[in-house]
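Structure file upload_25.pdb (PDB, C-alpha atoms) is printed below.
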```
ATOM      1  CA  MET A   1       0.000   0.000   0.000
ATOM      2  CA  ALA A   2       1.662   3.178  -1.146
ATOM      3  CA  LEU A   3      -0.104   5.222   1.528
ATOM      4  CA  PHE A   4       1.931   3.548   4.247
ATOM      5  CA  ARG A   5       5.310   3.546   2.529
ATOM      6  CA  LEU A   6       7.954   5.854   3.826
ATOM      7  CA  PRO A   7       9.268   8.530   1.465
ATOM      8  CA  SER A   8      11.919   7.196  -0.922
ATOM      9  CA  SER A   9      14.230  10.199  -0.907
ATOM     10  CA  GLY A  10      16.010  12.318   1.656
ATOM     11  CA  PRO A  11      16.779  11.095   5.179
ATOM     12  CA  ALA A  12      13.930   8.544   5.075
ATOM     13  CA  ALA A  13      15.847   6.609   2.432
ATOM     14  CA  LEU A  14      18.813   6.073   4.739
ATOM     15  CA  ALA A  15      19.822   2.422   4.654
ATOM     16  CA  PRO A  16      23.261   1.992   6.204
ATOM     17  CA  ARG A  17      24.930  -1.372   5.821
ATOM     18  CA  GLY A  18      28.039  -3.067   7.096
ATOM     19  CA  ASN A  19      29.178  -5.833   9.432
ATOM     20  CA  GLY A  20      26.883  -8.182   7.487
ATOM     21  CA  LEU A  21      23.822  -6.094   8.393
ATOM     22  CA  LEU A  22      21.384  -3.824   6.578
ATOM     23  CA  LEU A  23      19.446  -1.161   8.493
ATOM     24  CA  ARG A  24      16.437   0.425   6.832
ATOM     25  CA  ALA A  25      13.082   2.002   7.563
ATOM     26  CA  PRO A  26      10.213  -0.443   8.179
ATOM     27  CA  GLN A  27       7.848  -1.259   5.307
ATOM     28  CA  MET A  28       4.456  -2.945   5.252
ATOM     29  CA  SER A  29       6.096  -6.010   3.700
ATOM     30  CA  ASP A  30       8.027  -6.438   6.984
ATOM     31  CA  PHE A  31       4.866  -7.005   9.005
ATOM     32  CA  LEU A  32       4.873 -10.811   9.246
ATOM     33  CA  GLN A  33       8.568 -11.119  10.060
ATOM     34  CA  TRP A  34       8.345  -8.243  12.567
ATOM     35  CA  ALA A  35       5.208  -9.583  14.289
ATOM     36  CA  ASN A  36       6.594 -13.130  14.490
ATOM     37  CA  LEU A  37       9.912 -11.969  15.946
ATOM     38  CA  ARG A  38       8.243  -9.661  18.466
ATOM     39  CA  GLU A  39       5.701 -12.312  19.514
ATOM     40  CA  SER A  40       8.322 -15.045  19.925
ATOM     41  CA  SER A  41      10.436 -12.589  21.967
ATOM     42  CA  ARG A  42       7.604 -11.139  24.081
ATOM     43  CA  ASP A  43       8.722 -12.598  27.442
ATOM     44  CA  TYR A  44      12.319 -11.622  26.720
ATOM     45  CA  LEU A  45      11.460  -8.012  25.765
ATOM     46  CA  THR A  46       8.709  -7.258  28.317
ATOM     47  CA  PRO A  47      11.006  -6.276  31.237
ATOM     48  CA  TRP A  48      12.767  -3.645  29.089
ATOM     49  CA  GLU A  49       9.927  -2.022  27.129
ATOM     50  CA  PRO A  50       6.766   0.031  27.684
ATOM     51  CA  ILE A  51       3.554  -2.005  27.818
ATOM     52  CA  TRP A  52       2.559  -2.981  24.285
ATOM     53  CA  PRO A  53      -0.789  -1.732  22.964
ATOM     54  CA  SER A  54      -3.378  -4.523  22.760
ATOM     55  CA  ASP A  55      -3.300  -4.409  18.946
ATOM     56  CA  ASP A  56       0.469  -3.987  18.647
ATOM     57  CA  LEU A  57       1.081  -7.175  16.677
ATOM     58  CA  THR A  58      -1.872  -6.768  14.310
ATOM     59  CA  ARG A  59      -1.638  -5.672  10.694
ATOM     60  CA  SER A  60      -3.715  -2.539  11.452
ATOM     61  CA  GLY A  61      -1.486  -1.706  14.426
ATOM     62  CA  PHE A  62       1.572  -2.031  12.189
ATOM     63  CA  ARG A  63      -0.035   0.231   9.534
ATOM     64  CA  ARG A  64      -0.668   2.834  12.219
ATOM     65  CA  ARG A  65       2.964   2.500  13.342
ATOM     66  CA  LEU A  66       4.201   3.055   9.767
ATOM     67  CA  ARG A  67       1.971   6.101   9.379
ATOM     68  CA  ARG A  68       3.431   7.605  12.572
ATOM     69  CA  TYR A  69       6.963   6.759  11.423
ATOM     70  CA  SER A  70       6.341   8.487   8.099
ATOM     71  CA  GLU A  71       5.057  11.629   9.845
ATOM     72  CA  ASP A  72       7.989  11.640  12.269
ATOM     73  CA  ILE A  73      10.570  11.240   9.500
ATOM     74  CA  ALA A  74       8.963  14.011   7.426
ATOM     75  CA  ALA A  75       9.075  16.298  10.489
ATOM     76  CA  ASP A  76      12.695  15.304  11.335
ATOM     77  CA  ARG A  77      11.559  14.022  14.769
ATOM     78  CA  SER A  78      12.441  10.356  14.575
ATOM     79  CA  TYR A  79      14.138   7.773  12.333
ATOM     80  CA  PRO A  80      13.251   4.080  12.784
ATOM     81  CA  PHE A  81      15.432   1.286  11.425
ATOM     82  CA  LEU A  82      14.873  -2.445  11.294
ATOM     83  CA  ILE A  83      18.004  -4.575  11.356
ATOM     84  CA  PHE A  84      18.409  -7.419   8.854
ATOM     85  CA  ARG A  85      21.185  -9.945   8.294
ATOM     86  CA  GLU A  86      22.366  -9.499   4.720
ATOM     87  CA  LEU A  87      23.194 -13.202   4.370
ATOM     88  CA  ASP A  88      19.601 -14.439   4.640
ATOM     89  CA  GLY A  89      17.399 -11.358   5.135
ATOM     90  CA  ALA A  90      16.453 -12.387   8.674
ATOM     91  CA  MET A  91      15.228  -9.538  10.864
ATOM     92  CA  VAL A  92      17.180  -9.434  14.126
ATOM     93  CA  GLY A  93      15.803  -6.286  15.816
ATOM     94  CA  GLY A  94      15.453  -2.558  15.512
ATOM     95  CA  ILE A  95      16.963   0.796  16.430
ATOM     96  CA  THR A  96      15.117   4.098  16.544
ATOM     97  CA  LEU A  97      16.613   7.554  16.709
ATOM     98  CA  ALA A  98      13.894   9.572  18.477
ATOM     99  CA  ASN A  99      13.454  12.955  20.099
ATOM    100  CA  VAL A 100      15.605  14.671  17.458
ATOM    101  CA  ARG A 101      16.380  18.235  18.507
ATOM    102  CA  ARG A 102      17.920  20.712  16.088
ATOM    103  CA  GLY A 103      19.286  24.234  16.353
ATOM    104  CA  ILE A 104      21.835  24.710  19.100
ATOM    105  CA  VAL A 105      21.361  21.109  20.332
ATOM    106  CA  GLN A 106      21.691  18.796  17.261
ATOM    107  CA  ALA A 107      20.953  15.709  19.353
ATOM    108  CA  GLY A 108      18.737  12.642  19.414
ATOM    109  CA  THR A 109      18.036   9.629  21.592
ATOM    110  CA  ILE A 110      18.430   6.030  20.495
ATOM    111  CA  GLY A 111      16.445   3.065  21.655
ATOM    112  CA  TYR A 112      16.871  -0.483  20.441
ATOM    113  CA  TRP A 113      15.630  -4.033  20.758
ATOM    114  CA  VAL A 114      16.847  -7.415  19.586
ATOM    115  CA  GLY A 115      14.761 -10.548  19.148
ATOM    116  CA  GLN A 116      15.487 -13.282  21.664
ATOM    117  CA  PRO A 117      16.838 -15.769  19.072
ATOM    118  CA  HIS A 118      19.482 -13.185  18.123
ATOM    119  CA  ALA A 119      20.385 -11.910  21.602
ATOM    120  CA  ARG A 120      23.944 -11.939  22.893
ATOM    121  CA  ARG A 121      25.426 -12.578  19.449
ATOM    122  CA  GLY A 122      26.831  -9.090  18.895
ATOM    123  CA  TYR A 123      24.157  -7.969  16.436
ATOM    124  CA  MET A 124      23.132  -4.845  18.323
ATOM    125  CA  THR A 125      26.712  -3.675  18.857
ATOM    126  CA  ALA A 126      27.412  -4.278  15.154
ATOM    127  CA  ALA A 127      24.199  -2.502  14.103
ATOM    128  CA  LEU A 128      24.860   0.530  16.273
ATOM    129  CA  ARG A 129      28.400   0.760  14.882
ATOM    130  CA  VAL A 130      26.898   0.739  11.370
ATOM    131  CA  LEU A 131      24.310   3.403  12.248
ATOM    132  CA  LEU A 132      26.434   5.907  14.168
ATOM    133  CA  PRO A 133      28.300   7.278  11.097
ATOM    134  CA  THR A 134      24.890   8.027   9.536
ATOM    135  CA  LEU A 135      23.672   9.787  12.669
ATOM    136  CA  PHE A 136      26.772  11.964  12.874
ATOM    137  CA  GLY A 137      27.094  12.295   9.077
ATOM    138  CA  GLU A 138      23.889  12.484   7.030
ATOM    139  CA  LEU A 139      21.718  13.460  10.009
ATOM    140  CA  ASN A 140      24.327  15.942  11.270
ATOM    141  CA  LEU A 141      23.962  15.213  14.976
ATOM    142  CA  HIS A 142      26.410  16.570  17.514
ATOM    143  CA  ARG A 143      25.278  14.223  20.277
ATOM    144  CA  VAL A 144      23.556  10.834  20.528
ATOM    145  CA  GLU A 145      21.956   9.885  23.838
ATOM    146  CA  ALA A 146      20.651   6.626  25.298
ATOM    147  CA  ALA A 147      19.102   5.472  28.553
ATOM    148  CA  CYS A 148      18.822   2.002  30.000
ATOM    149  CA  ILE A 149      17.636   0.317  33.167
ATOM    150  CA  PRO A 150      20.626  -0.219  35.507
ATOM    151  CA  THR A 151      20.042  -4.002  35.627
ATOM    152  CA  ASN A 152      20.139  -4.332  31.814
ATOM    153  CA  ALA A 153      23.785  -5.398  31.619
ATOM    154  CA  PRO A 154      23.682  -6.421  27.921
ATOM    155  CA  SER A 155      22.375  -2.978  26.905
ATOM    156  CA  ILE A 156      25.022  -1.241  28.994
ATOM    157  CA  ARG A 157      27.720  -3.369  27.297
ATOM    158  CA  VAL A 158      26.419  -2.405  23.833
ATOM    159  CA  LEU A 159      26.645   1.302  24.644
ATOM    160  CA  GLU A 160      30.072   1.044  26.251
ATOM    161  CA  LYS A 161      31.476  -1.022  23.350
ATOM    162  CA  CYS A 162      30.245   1.690  20.972
ATOM    163  CA  GLY A 163      32.028   4.447  22.900
ATOM    164  CA  PHE A 164      29.159   5.952  24.906
ATOM    165  CA  SER A 165      30.014   7.509  28.260
ATOM    166  CA  ARG A 166      27.879   7.031  31.335
ATOM    167  CA  GLU A 167      26.674  10.498  32.330
ATOM    168  CA  GLY A 168      24.323   9.965  35.231
ATOM    169  CA  LEU A 169      21.178   8.465  36.650
ATOM    170  CA  ALA A 170      17.686   9.728  35.946
ATOM    171  CA  ARG A 171      15.324   8.703  38.734
ATOM    172  CA  ARG A 172      11.983   7.174  37.681
ATOM    173  CA  TYR A 173      12.784   8.315  34.144
ATOM    174  CA  LEU A 174      10.621   6.088  31.908
ATOM    175  CA  CYS A 175       7.549   3.930  32.449
ATOM    176  CA  ILE A 176       8.795   0.478  31.501
ATOM    177  CA  ASN A 177       6.599  -2.595  31.819
ATOM    178  CA  GLY A 178       4.068  -0.432  33.690
ATOM    179  CA  VAL A 179       6.517   0.856  36.335
ATOM    180  CA  TRP A 180       8.403   4.178  36.492
ATOM    181  CA  GLN A 181      12.024   3.047  36.503
ATOM    182  CA  ASP A 182      15.412   4.631  37.080
ATOM    183  CA  HIS A 183      17.646   4.774  34.004
ATOM    184  CA  LEU A 184      21.352   5.207  33.465
ATOM    185  CA  LEU A 185      22.027   8.025  30.988
ATOM    186  CA  PHE A 186      24.669   7.682  28.294
ATOM    187  CA  GLY A 187      25.975  10.071  25.660
ATOM    188  CA  LEU A 188      28.303  10.043  22.668
ATOM    189  CA  LEU A 189      29.597  13.231  21.051
ATOM    190  CA  HIS A 190      30.515  13.509  17.392
ATOM    191  CA  GLU A 191      34.077  14.479  18.267
ATOM    192  CA  ASP A 192      34.435  11.429  20.536
ATOM    193  CA  PHE A 193      33.130   8.989  17.923
ATOM    194  CA  ARG A 194      35.766   6.716  16.426
ATOM    195  CA  GLY A 195      33.853   5.382  13.440
TER     196      GLY A 195
END
```

Would you encode the structure as structure tokens?
Amino acid sequence: MALFRLPSSGPAALAPRGNGLLLRAPQMSDFLQWANLRESSRDYLTPWEPIWPSDDLTRSGFRRRLRRYSEDIAADRSYPFLIFRELDGAMVGGITLANVRRGIVQAGTIGYWVGQPHARRGYMTAALRVLLPTLFGELNLHRVEAACIPTNAPSIRVLEKCGFSREGLARRYLCINGVWQDHLLFGLLHEDFRG
């Protein structure tokens, strides 16, 4: 359905690749693979994510998600990427650059998830390393931020391996799995990035 496709030019067409991975904006044709991976990983992802809407894994819920993504990209607010292995086209997870702020800030916040079958195999570290040059290059960010629950050791390792610095603790920062939870704050500056 053309109505739910993301624009094919400009920043929306960003599709960085490397380390055997392709990152690109979600498309309606991704629905089945996305829904199957999310459903099979539900118990694994639940402790680290906001509560899913009741229709999250439905085709109509995915269409609504794509519509919001398209609006956010057009307004330079957010850039979603799904992560695929180039070898076989398998979806392994996703990364979103959200809360993009321009002007004197030039910053955005990343969030990411990996499907349980692909966890702890280095995919997220590899994907973030592929994406960061695009964030600092084509999207012209000065700073990339991230936050994670202090007990999420794998997420902390991903950020540290990619050069992020721990900058503090935000108390009761985000409502995750229905509970306001503390988050460690991380940041990476363009001049500190070794891409």

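Proximity to Ala127 (chain A) was assessed for A:Ser41, A:Asn19, A:Ser29, A:Asn36 counting all atoms listed in the file; the smallest distance is recorded for A:Asn19.
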
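Note that the spacing between CA of Ser60 (chain A) and CA of Asp30 (chain A) amounts to 13.2 Å.
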
Using the chain letters and numbers from the file, which residues does the PyMOL selection byres ((chain A and resi 34) around 10) grab, as a PDB file with C-alpha atoms, in the frame of the given file?
```pdb
ATOM      1  CA  PRO A  26      10.213  -0.443   8.179  1.00  0.00           C
ATOM      2  CA  MET A  28       4.456  -2.945   5.252  1.00  0.00           C
ATOM      3  CA  SER A  29       6.096  -6.010   3.700  1.00  0.00           C
ATOM      4  CA  ASP A  30       8.027  -6.438   6.984  1.00  0.00           C
ATOM      5  CA  PHE A  31       4.866  -7.005   9.005  1.00  0.00           C
ATOM      6  CA  LEU A  32       4.873 -10.811   9.246  1.00  0.00           C
ATOM      7  CA  GLN A  33       8.568 -11.119  10.060  1.00  0.00           C
ATOM      8  CA  ALA A  35       5.208  -9.583  14.289  1.00  0.00           C
ATOM      9  CA  ASN A  36       6.594 -13.130  14.490  1.00  0.00           C
ATOM     10  CA  LEU A  37       9.912 -11.969  15.946  1.00  0.00           C
ATOM     11  CA  ARG A  38       8.243  -9.661  18.466  1.00  0.00           C
ATOM     12  CA  GLU A  39       5.701 -12.312  19.514  1.00  0.00           C
ATOM     13  CA  LEU A  57       1.081  -7.175  16.677  1.00  0.00           C
ATOM     14  CA  PHE A  62       1.572  -2.031  12.189  1.00  0.00           C
ATOM     15  CA  LEU A  82      14.873  -2.445  11.294  1.00  0.00           C
ATOM     16  CA  ALA A  90      16.453 -12.387   8.674  1.00  0.00           C
ATOM     17  CA  MET A  91      15.228  -9.538  10.864  1.00  0.00           C
ATOM     18  CA  VAL A  92      17.180  -9.434  14.126  1.00  0.00           C
ATOM     19  CA  GLY A  93      15.803  -6.286  15.816  1.00  0.00           C
ATOM     20  CA  GLY A  94      15.453  -2.558  15.512  1.00  0.00           C
ATOM     21  CA  GLY A 115      14.761 -10.548  19.148  1.00  0.00           C
TER      22      GLY A 115
END
```

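You can rank A:Ile73, A:Ile149, A:Cys162, A:Leu23 by their closest distance to Val179 (chain A) using only C-alpha atoms, and at the top of that list sits A:Ile149.
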
Selection in question (the file shown): the PyMOL selection byres ((chain A and resi 138) around 12). Which residues does it include, as a list of chain:residue names? A:Gly10, A:Pro11, A:Ala12, A:Ala13, A:Leu14, A:Ala15, A:Pro16, A:Leu131, A:Leu132, A:Pro133, A:Thr134, A:Leu135, A:Phe136, A:Gly137, A:Leu139, A:Asn140, A:Leu141, A:His142
